Amino acid sequence: MNPLIRSIGILVITWLLQVVLFRFGVFYGGWMVICFNIYGLILLPVDLHKTIYLIIGALMGVFMDIVLLTGGLHMAAGAFTGLLIPFIMRVLTPRDGFARKQSISVLQVGWGRFLTLSFLITFVYMFALFAVEGWRWGLIPRALGKALFSSILNLILFAITQGLFGAKPKSKGPEISSFPWS
């Protein structure tokens, strides 16, 4: 299956899960907010054009704004995140580079790089969301705190999802056991 079509399907599924399941995932007076739709942005292929990231981020935000009636907050955060994803990917690229049409998953890049990339993308999205929501310079420190706590919560959720539903390593052949039931 084409990796872009697969990634768009995952993005739609994460968007639907955000709307149906995690819509009211706001904790501690708004300091921790679940935005599961960001997981779909994280799993996009790494070799897309910069404009595609921007368009996909903005469209995902538009869909969120239509359902949640947030007046463009998610679109602004999604477009800003889509704008910065190529730069974040460039910073976290391994020495030998990513494979073509590779998406970021634990199986392909390891837990360290996956968690770092997920945290940075989630933090950018959440900071943009809270900064635009506050719309004053005096609320930037509060937006940084909310973005940090929300990013940590979402990172835990993404790690659990990646562990449960991520690609599994292929076995290297038949394993021989001395037990007939295994």
# chains A, B, ... in the order shown; residues from 1 in each chain; ligands from 1
call {"tool": "select_by_dssp", "arguments": {"residues": "segment 1-44 of chain A", "states": "strand (DSSP E or B)", "output": "ChimeraX atom specification"}}
result
/A:26-27,32-33
call {"tool": "residues_around", "arguments": {"residues": "segment 151-165 of chain A", "least_positions_apart": "5", "cutoff": "12 Å", "atoms": "only C-alpha atoms", "output": "PyMOL selection string"}}
result
chain A and resi 10+14+18+22+25-28+31-43+104-108+110-127+129-130+143-146
call {"tool": "write_last_selection", "arguments": {"atoms": "N, CA and C atoms", "output": "compact mmCIF listing (two decimals), in the first residue's frame"}}
result
# COMPACT_ATOMS: atom_id res chain seq x y z
N ILE A 10 -4.47 6.80 8.52
CA ILE A 10 -4.17 6.88 9.96
C ILE A 10 -4.53 8.26 10.49
N THR A 14 -7.11 8.91 13.48
CA THR A 14 -6.77 9.66 14.70
C THR A 14 -7.68 10.87 14.87
N GLN A 18 -10.12 11.43 18.02
CA GLN A 18 -10.10 12.67 18.78
C GLN A 18 -11.50 13.23 18.93
N PHE A 22 -11.70 11.30 22.50
CA PHE A 22 -10.87 12.18 23.31
C PHE A 22 -11.32 13.64 23.29
N GLY A 25 -11.14 15.39 26.66
CA GLY A 25 -9.95 15.03 27.42
C GLY A 25 -9.20 16.25 27.92
N VAL A 26 -9.82 16.99 28.83
CA VAL A 26 -9.21 18.17 29.42
C VAL A 26 -9.11 17.93 30.93
N PHE A 27 -7.89 18.04 31.47
CA PHE A 27 -7.67 17.73 32.87
C PHE A 27 -6.98 18.89 33.59
N TYR A 28 -7.12 18.93 34.89
CA TYR A 28 -6.45 19.90 35.76
C TYR A 28 -6.69 21.34 35.32
N TRP A 31 -4.85 22.49 32.04
CA TRP A 31 -3.40 22.39 31.94
C TRP A 31 -2.94 21.14 31.20
N MET A 32 -3.80 20.14 31.10
CA MET A 32 -3.47 18.92 30.36
C MET A 32 -4.62 18.61 29.41
N VAL A 33 -4.33 18.69 28.12
CA VAL A 33 -5.35 18.49 27.09
C VAL A 33 -4.87 17.38 26.16
N ILE A 34 -5.76 16.44 25.86
CA ILE A 34 -5.43 15.36 24.93
C ILE A 34 -5.76 15.82 23.51
N CYS A 35 -4.78 15.77 22.64
CA CYS A 35 -4.95 16.02 21.20
C CYS A 35 -4.39 14.82 20.45
N PHE A 36 -5.17 13.77 20.36
CA PHE A 36 -4.72 12.53 19.74
C PHE A 36 -4.52 12.68 18.24
N ASN A 37 -5.14 13.69 17.64
CA ASN A 37 -5.01 13.88 16.20
C ASN A 37 -3.57 14.22 15.79
N ILE A 38 -2.75 14.69 16.72
CA ILE A 38 -1.35 14.99 16.42
C ILE A 38 -0.59 13.72 16.07
N TYR A 39 -1.02 12.59 16.61
CA TYR A 39 -0.37 11.31 16.33
C TYR A 39 -0.38 11.01 14.83
N GLY A 40 -1.44 11.41 14.15
CA GLY A 40 -1.50 11.24 12.70
C GLY A 40 -0.48 12.10 11.97
N LEU A 41 -0.22 13.30 12.48
CA LEU A 41 0.81 14.15 11.88
C LEU A 41 2.20 13.56 12.08
N ILE A 42 2.41 12.94 13.23
CA ILE A 42 3.71 12.36 13.53
C ILE A 42 4.01 11.19 12.59
N LEU A 43 2.99 10.43 12.22
CA LEU A 43 3.19 9.24 11.40
C LEU A 43 3.20 9.50 9.90
N ILE A 104 7.72 7.70 10.69
CA ILE A 104 8.37 7.58 11.98
C ILE A 104 7.61 6.55 12.81
N SER A 105 8.27 5.49 13.16
CA SER A 105 7.70 4.49 14.05
C SER A 105 8.84 3.92 14.90
N VAL A 106 8.47 3.31 15.99
CA VAL A 106 9.47 2.77 16.90
C VAL A 106 10.28 1.67 16.22
N LEU A 107 9.65 0.88 15.41
CA LEU A 107 10.34 -0.21 14.73
C LEU A 107 11.44 0.31 13.80
N GLN A 108 11.19 1.45 13.15
CA GLN A 108 12.15 1.94 12.17
C GLN A 108 13.20 2.88 12.75
N GLY A 110 13.48 3.61 16.41
CA GLY A 110 13.77 3.38 17.83
C GLY A 110 12.97 4.29 18.74
N TRP A 111 12.92 3.89 20.02
CA TRP A 111 12.11 4.63 20.99
C TRP A 111 12.63 6.03 21.23
N GLY A 112 13.93 6.20 21.30
CA GLY A 112 14.49 7.52 21.60
C GLY A 112 14.13 8.57 20.57
N ARG A 113 14.38 8.26 19.31
CA ARG A 113 14.07 9.22 18.25
C ARG A 113 12.57 9.40 18.10
N PHE A 114 11.78 8.32 18.25
CA PHE A 114 10.32 8.45 18.14
C PHE A 114 9.77 9.35 19.24
N LEU A 115 10.21 9.14 20.48
CA LEU A 115 9.71 9.96 21.59
C LEU A 115 10.16 11.41 21.47
N THR A 116 11.38 11.63 21.03
CA THR A 116 11.87 12.99 20.86
C THR A 116 11.09 13.72 19.78
N LEU A 117 10.92 13.07 18.63
CA LEU A 117 10.17 13.68 17.54
C LEU A 117 8.72 13.91 17.94
N SER A 118 8.11 12.93 18.59
CA SER A 118 6.72 13.08 19.03
C SER A 118 6.58 14.23 20.01
N PHE A 119 7.51 14.34 20.95
CA PHE A 119 7.44 15.42 21.93
C PHE A 119 7.57 16.78 21.26
N LEU A 120 8.53 16.93 20.35
CA LEU A 120 8.74 18.22 19.71
C LEU A 120 7.54 18.64 18.86
N ILE A 121 7.00 17.72 18.07
CA ILE A 121 5.85 18.05 17.23
C ILE A 121 4.63 18.36 18.11
N THR A 122 4.42 17.57 19.15
CA THR A 122 3.29 17.81 20.04
C THR A 122 3.46 19.13 20.79
N PHE A 123 4.67 19.43 21.24
CA PHE A 123 4.90 20.68 21.96
C PHE A 123 4.66 21.88 21.06
N VAL A 124 5.11 21.82 19.81
CA VAL A 124 4.89 22.93 18.87
C VAL A 124 3.39 23.14 18.66
N TYR A 125 2.65 22.05 18.44
CA TYR A 125 1.20 22.15 18.22
C TYR A 125 0.51 22.72 19.45
N MET A 126 0.82 22.18 20.62
CA MET A 126 0.14 22.62 21.84
C MET A 126 0.52 24.06 22.19
N PHE A 127 1.77 24.43 22.01
CA PHE A 127 2.17 25.80 22.30
C PHE A 127 1.45 26.77 21.36
N LEU A 129 -1.39 26.28 19.91
CA LEU A 129 -2.80 26.27 20.29
C LEU A 129 -3.06 27.17 21.50
N PHE A 130 -2.24 27.03 22.53
CA PHE A 130 -2.45 27.82 23.74
C PHE A 130 -2.01 29.28 23.58
N ALA A 143 1.11 29.59 28.53
CA ALA A 143 0.99 28.73 27.34
C ALA A 143 2.14 27.72 27.29
N LEU A 144 3.35 28.14 27.68
CA LEU A 144 4.48 27.21 27.72
C LEU A 144 4.24 26.09 28.73
N GLY A 145 3.72 26.43 29.91
CA GLY A 145 3.43 25.42 30.93
C GLY A 145 2.35 24.45 30.48
N LYS A 146 1.27 25.00 29.92
CA LYS A 146 0.19 24.13 29.43
C LYS A 146 0.68 23.23 28.30
call {"tool": "select_by_dssp", "arguments": {"residues": "chain A", "states": "alpha helix (DSSP H)", "output": "PyMOL selection string"}}
result
chain A and resi 3-20+38-42+50-68+73-92+106-134+140-165
call {"tool": "closest_residue", "arguments": {"among": "A:Val46, A:Gly138, A:Thr51, A:Ala147", "to": "Val109 of chain A", "atoms": "only C-alpha atoms"}}
result
A:Val46
call {"tool": "residues_around", "arguments": {"residues": "Leu83 of chain A", "least_positions_apart": "6", "cutoff": "10 Å", "atoms": "only C-alpha atoms", "output": "ChimeraX atom specification"}}
result
/A:50-55,57-58,77
